[in-house]
Amino acid sequence: MKSFFKNISLVVLTFGALSATAQNFPVQANLSITPPYSVYLQDYISPGVDKLNLNILPTDFTISELRVKLRISIEGQNVTLRTKSSFQPTPLFINGGVPLRLTGFDIAEYLNPDNLDFQGISKQQFLQNGALPEGVYRFNIEVIEFNRNVVVSNKAFVVAWIILNDPPLINLPFQGEKVRATDPQNVIFQWTPRHTGSPNSAFATEYEFSLVEIWPAGRDPEIAMRSTSPIYQTTTQSTTLVYGIAEPALVPGRSYAFRVRAKSMVGIDELDLFKNDGYSQTGTFTFGDECKPPTGIESNTISAKSFNATWNTAFNHTGFNVRYRESAERNNSWYEEESFIGEQRIGALKPETTYEVQVRAACGSLESPYSESLAVVTVTEGEIAFSCGVPPEAYGLENREPLQNLFIGEYIYANDFDIKVREVTGSNGIFSGTGLAEMPLFSLAKVRVNFEGISVNTDYRLVDGVVTTIYDPNSSMMVDLDPEDTLEDEADDGTSGDDVVADSGNDINYDEPIDSVYVDDNGDIVVVMEDGSTDTVTPDQDGSSDDEEPEDTVITDSVGNNWTVDSGGIVTPGVGIGGSDTVNTIPYDSINQISPDS
């Protein structure tokens, strides 16, 4: 009996060996699938997407024009899809020793749902989105003799982990954040990819960024994102996007929605490898606060030549630009003053004149539009009652509250002298700098002055200290006096009269300071005053006869600066009061020492 069972075992082992030998099929099949692995079967068989490849090699050289077909199965997650036994595909022809390569598109008919049997999932469930449940699957393909349904190849297979990757996660800006509004704009968008750590991450990805405005305010951001054309859309492979000056301008105070879509760059057609079609959640942010112009602009008169403008400020206002001009001359250039508080004193105006005033706010690096215009009418100027030996009009210096800040262009008042500030340093009532003083003795001619460590109260009155004139003995505006002489003595000699400098020839004199002089394209001389106004002069450069050369034109301002314009239009600045750094005193206390009680 032992010998019988030994013989039976030997027969079984021999049969098994013969069966193993029978696995040497005359056709060898090899299957490959290029990752990433999609849950959608359509992604494997679409034209131009070379993801699935089947190589068939007949090793039996006697095979000639053999008609074959394939049997395909996909198994995993308790789900099986298998080629129907009744399916009759288009036959394939193979020849011994000649390889045959098939792509997914070549075998597309085998993966048609109508030609598959479904287990673990119904055909209707599969057709809802054409996707397999996520998980690990084994793709199997066998070559079968077409007429006899005999397997003639090995079972070629590939194991694939097919999943849908999570879309990007928005990092910046934070949801609902109010980002800082800057000029130029600079908003950082950033997101984190969530597919790189998955088992299905072996593919290149690009990101489509879209930005829309949420309008009207309060609209659902998701609805705005889906129904509004983007104001900006771009594609990038980076996970950071800098929204700067080259992109469409964002409006301060407005809200915006944005999202990022991740897309595979594999193949001609983009594969759908992400949940939610690759779209991130919708992010929202507000671009700073709207920079609104000041409101409640008012004015109060200080004198016939000055007024004080005030306005209401907002929490995000950091500075102001005040501009004004004569209303009757709309073509006039605007004069501008800068302020950091809700008021500005404006001087050097004309009496009985209507001015147009507008105010613009700065909000950090942003600027608001100008406000609506305010009409301001200066009052009538009274007669100048100044004369030597007559005390000035009484005023009080009881107010000792220090003026906190003094700005360029503002006026301070020293006795009956009005002084326009040109340079200034200091605070809390103590200031140093330079200015222009209107001299009543000389028909309000303007004289350059210095002041150092003076005290000024909230009425802009000098309450302590001395303002000193700047003296240049070489100035053409100065009377030729010896230090011991007096103005009365010089007048008696006939060398001085009512006019300090008389016009002669092409000499032109102005009773106010000049900023610059130039010659325009027409050959006219343009004189730019220190207050910004201009005067155009057409010089007589023809000469009095044909033999005479054209004369130079000499222009002198109220503080002794002069400019010479020759016949060729060349402007040469001269040296006057403005060119001297010498600080001196005219030997007449009523002029050179301006103090509170002078």
# chains A, B, ... in the order shown; residues from 1 in each chain; ligands from 1
call {"tool": "closest_atom_pairs", "arguments": {"of": "segment 78-176 of chain A", "to": "segment 279-292 of chain A", "cutoff": "12 Å", "atoms": "only C-alpha atoms", "output": "tab-separated table"}}
result
residue	atom	partner	partner_atom	distance
A:Asn165	CA	A:Tyr279	CA	11.1
A:Asp166	CA	A:Ser280	CA	8.7
A:Pro167	CA	A:Ser280	CA	5.3
A:Pro168	CA	A:Ser280	CA	5.3
A:Leu169	CA	A:Ser280	CA	6.2
A:Ile170	CA	A:Ser280	CA	7.1
A:Asn171	CA	A:Gly283	CA	9.2
A:Leu172	CA	A:Gly283	CA	8.7
A:Pro173	CA	A:Phe285	CA	6.8
A:Phe174	CA	A:Phe285	CA	7.4
A:Gln175	CA	A:Thr284	CA	5.5
A:Gly176	CA	A:Phe285	CA	4.6
call {"tool": "select_by_dssp", "arguments": {"residues": "segment 198-401 of chain A", "states": "strand (DSSP E)", "output": "ChimeraX atom specification"}}
result
/A:205-213,232-236,240-243,255-264,283-287,295-303,306-312,319-326,335-339,343-346,354-363,366-367,374-377
call {"tool": "residues_around", "arguments": {"residues": "segment 67-74 of chain A", "least_positions_apart": "3", "cutoff": "9 Å", "atoms": "only C-alpha atoms", "output": "MDAnalysis selection string"}}
result
chainID A and resid 79:85 88:94 107 110:111 116 137:147 149 152
call {"tool": "write_last_selection", "arguments": {"atoms": "N, CA, C and O atoms", "output": "CSV table (one decimal), in the first residue's frame"}}
result
chain,number,residue,atom,x,y,z
A,79,VAL,N,-14.6,45.1,-5.8
A,79,VAL,CA,-15.2,45.5,-7.1
A,79,VAL,C,-14.5,44.8,-8.2
A,79,VAL,O,-13.3,44.8,-8.2
A,80,THR,N,-15.2,44.2,-9.1
A,80,THR,CA,-14.6,43.6,-10.3
A,80,THR,C,-15.3,44.0,-11.6
A,80,THR,O,-16.6,44.0,-11.6
A,81,LEU,N,-14.5,44.5,-12.5
A,81,LEU,CA,-15.0,44.7,-13.9
A,81,LEU,C,-14.3,43.8,-14.8
A,81,LEU,O,-13.1,43.7,-14.8
A,82,ARG,N,-15.1,43.0,-15.7
A,82,ARG,CA,-14.6,42.0,-16.5
A,82,ARG,C,-15.2,42.1,-17.9
A,82,ARG,O,-16.4,42.3,-18.0
A,83,THR,N,-14.4,41.8,-18.9
A,83,THR,CA,-15.0,41.8,-20.3
A,83,THR,C,-16.1,40.7,-20.4
A,83,THR,O,-15.9,39.6,-20.0
A,84,LYS,N,-17.2,41.1,-21.0
A,84,LYS,CA,-18.3,40.1,-21.2
A,84,LYS,C,-17.8,39.0,-22.1
A,84,LYS,O,-17.2,39.2,-23.1
A,85,SER,N,-18.2,37.8,-21.8
A,85,SER,CA,-17.8,36.6,-22.6
A,85,SER,C,-18.5,36.7,-24.0
A,85,SER,O,-18.0,36.1,-25.0
A,88,GLN,N,-17.9,40.5,-28.8
A,88,GLN,CA,-17.1,40.2,-30.0
A,88,GLN,C,-16.4,41.5,-30.5
A,88,GLN,O,-17.0,42.2,-31.2
A,89,PRO,N,-15.2,41.7,-30.1
A,89,PRO,CA,-14.5,42.9,-30.5
A,89,PRO,C,-13.9,42.8,-31.9
A,89,PRO,O,-14.0,41.7,-32.5
A,90,THR,N,-13.3,43.8,-32.4
A,90,THR,CA,-12.6,43.8,-33.7
A,90,THR,C,-11.4,42.9,-33.5
A,90,THR,O,-10.6,43.1,-32.5
A,91,PRO,N,-11.2,41.8,-34.3
A,91,PRO,CA,-10.1,40.9,-34.1
A,91,PRO,C,-8.7,41.6,-34.3
A,91,PRO,O,-8.6,42.5,-35.1
A,92,LEU,N,-7.8,41.1,-33.6
A,92,LEU,CA,-6.4,41.5,-33.8
A,92,LEU,C,-5.6,40.4,-34.5
A,92,LEU,O,-5.9,39.2,-34.3
A,93,PHE,N,-4.6,40.7,-35.3
A,93,PHE,CA,-3.8,39.7,-36.0
A,93,PHE,C,-2.4,39.8,-35.5
A,93,PHE,O,-1.8,40.9,-35.4
A,94,ILE,N,-1.8,38.6,-35.2
A,94,ILE,CA,-0.4,38.5,-34.8
A,94,ILE,C,0.3,37.5,-35.6
A,94,ILE,O,-0.3,36.5,-36.2
A,107,ILE,N,-7.6,49.9,-27.3
A,107,ILE,CA,-8.5,48.9,-26.7
A,107,ILE,C,-9.7,49.5,-26.0
A,107,ILE,O,-10.3,49.0,-25.1
A,110,TYR,N,-13.0,47.7,-25.2
A,110,TYR,CA,-13.0,46.7,-24.2
A,110,TYR,C,-13.5,47.3,-22.9
A,110,TYR,O,-14.0,46.6,-22.0
A,111,LEU,N,-13.2,48.6,-22.7
A,111,LEU,CA,-13.6,49.3,-21.4
A,111,LEU,C,-14.8,50.1,-21.5
A,111,LEU,O,-15.2,50.9,-20.6
A,116,LEU,N,-18.8,45.4,-20.4
A,116,LEU,CA,-18.3,44.9,-19.1
A,116,LEU,C,-19.3,44.3,-18.2
A,116,LEU,O,-20.5,44.8,-18.2
A,137,TYR,N,-6.0,48.5,-7.0
A,137,TYR,CA,-6.6,47.7,-8.0
A,137,TYR,C,-5.6,47.0,-8.8
A,137,TYR,O,-4.4,47.4,-8.9
A,138,ARG,N,-6.0,45.8,-9.4
A,138,ARG,CA,-5.1,45.0,-10.2
A,138,ARG,C,-5.8,45.0,-11.6
A,138,ARG,O,-6.9,44.5,-11.8
A,139,PHE,N,-5.0,45.5,-12.6
A,139,PHE,CA,-5.4,45.5,-14.0
A,139,PHE,C,-4.9,44.2,-14.7
A,139,PHE,O,-3.6,44.0,-14.7
A,140,ASN,N,-5.7,43.3,-15.3
A,140,ASN,CA,-5.3,42.1,-15.9
A,140,ASN,C,-5.7,42.1,-17.4
A,140,ASN,O,-6.8,42.5,-17.7
A,141,ILE,N,-4.8,41.6,-18.2
A,141,ILE,CA,-5.1,41.4,-19.6
A,141,ILE,C,-4.5,40.1,-20.1
A,141,ILE,O,-3.4,39.8,-19.9
A,142,GLU,N,-5.4,39.3,-20.8
A,142,GLU,CA,-5.0,38.0,-21.4
A,142,GLU,C,-5.3,38.1,-22.9
A,142,GLU,O,-6.2,38.7,-23.3
A,143,VAL,N,-4.4,37.3,-23.7
A,143,VAL,CA,-4.7,37.2,-25.2
A,143,VAL,C,-5.4,35.9,-25.4
A,143,VAL,O,-4.9,34.8,-24.9
A,144,ILE,N,-6.5,35.9,-26.2
A,144,ILE,CA,-7.3,34.7,-26.4
A,144,ILE,C,-7.5,34.5,-27.9
A,144,ILE,O,-7.7,35.4,-28.7
A,145,GLU,N,-7.4,33.2,-28.3
A,145,GLU,CA,-7.6,32.8,-29.7
A,145,GLU,C,-9.0,33.1,-30.0
A,145,GLU,O,-9.9,32.8,-29.3
A,146,PHE,N,-9.2,33.9,-31.1
A,146,PHE,CA,-10.5,34.5,-31.4
A,146,PHE,C,-11.7,33.5,-31.5
A,146,PHE,O,-12.7,33.7,-30.9
A,147,ASN,N,-11.5,32.5,-32.3
A,147,ASN,CA,-12.6,31.6,-32.6
A,147,ASN,C,-12.8,30.5,-31.5
A,147,ASN,O,-14.0,30.2,-31.2
A,149,ASN,N,-11.7,30.7,-28.2
A,149,ASN,CA,-11.7,31.2,-26.9
A,149,ASN,C,-10.6,30.5,-26.0
A,149,ASN,O,-10.8,30.3,-24.8
A,152,VAL,N,-4.0,32.1,-25.1
A,152,VAL,CA,-2.7,31.8,-25.7
A,152,VAL,C,-1.5,32.6,-25.2
A,152,VAL,O,-0.4,32.6,-25.7
call {"tool": "select_by_dssp", "arguments": {"residues": "segment 54-239 of chain A", "states": "alpha helix (DSSP H)", "output": "ChimeraX atom specification"}}
result
/A:123-129,221-227
call {"tool": "atom_distance", "arguments": {"atom1": "atom CA of Leu164 of chain A", "atom2": "atom CA of Pro221 of chain A"}}
result
25.8 Å
call {"tool": "atom_distance", "arguments": {"atom1": "atom CA of Val158 of chain A", "atom2": "atom CA of Arg101 of chain A"}}
result
16.4 Å
call {"tool": "residues_around", "arguments": {"residues": "Gly435 of chain A", "least_positions_apart": "4", "cutoff": "8 Å", "atoms": "only C-alpha atoms", "output": "list of chain:residue names"}}
result
A:Ile419, A:Lys420, A:Val421, A:Arg422, A:Glu423, A:Arg448, A:Val449, A:Asn450
call {"tool": "write_last_selection", "arguments": {"atoms": "N, CA and C atoms", "output": "mmCIF file, in the first residue's frame"}}
result
data_model
loop_
_atom_site.group_PDB
_atom_site.id
_atom_site.type_symbol
_atom_site.label_atom_id
_atom_site.label_comp_id
_atom_site.auth_asym_id
_atom_site.auth_seq_id
_atom_site.Cartn_x
_atom_site.Cartn_y
_atom_site.Cartn_z
ATOM 1 N N ILE A 419 5.118 137.898 8.926
ATOM 2 C CA ILE A 419 6.291 137.151 8.479
ATOM 3 C C ILE A 419 5.851 135.778 7.973
ATOM 4 N N LYS A 420 6.114 135.528 6.695
ATOM 5 C CA LYS A 420 5.796 134.225 6.110
ATOM 6 C C LYS A 420 6.985 133.283 6.312
ATOM 7 N N VAL A 421 6.720 132.121 6.873
ATOM 8 C CA VAL A 421 7.775 131.170 7.221
ATOM 9 C C VAL A 421 8.262 130.443 5.961
ATOM 10 N N ARG A 422 9.574 130.451 5.764
ATOM 11 C CA ARG A 422 10.176 129.735 4.626
ATOM 12 C C ARG A 422 10.904 128.475 5.068
ATOM 13 N N GLU A 423 11.567 128.512 6.215
ATOM 14 C CA GLU A 423 12.230 127.352 6.802
ATOM 15 C C GLU A 423 11.956 127.398 8.292
ATOM 16 N N ARG A 448 14.002 139.438 3.683
ATOM 17 C CA ARG A 448 14.366 138.157 4.257
ATOM 18 C C ARG A 448 14.817 138.333 5.700
ATOM 19 N N VAL A 449 14.378 137.398 6.561
ATOM 20 C CA VAL A 449 14.684 137.492 7.980
ATOM 21 C C VAL A 449 15.104 136.129 8.519
ATOM 22 N N ASN A 450 15.810 136.164 9.641
ATOM 23 C CA ASN A 450 16.168 134.974 10.416
ATOM 24 C C ASN A 450 15.515 135.066 11.781
#
call {"tool": "closest_residue", "arguments": {"among": "A:Trp191, A:Phe274, A:Phe126, A:Tyr411", "to": "Ser306 of chain A", "atoms": "only C-alpha atoms"}}
result
A:Tyr411
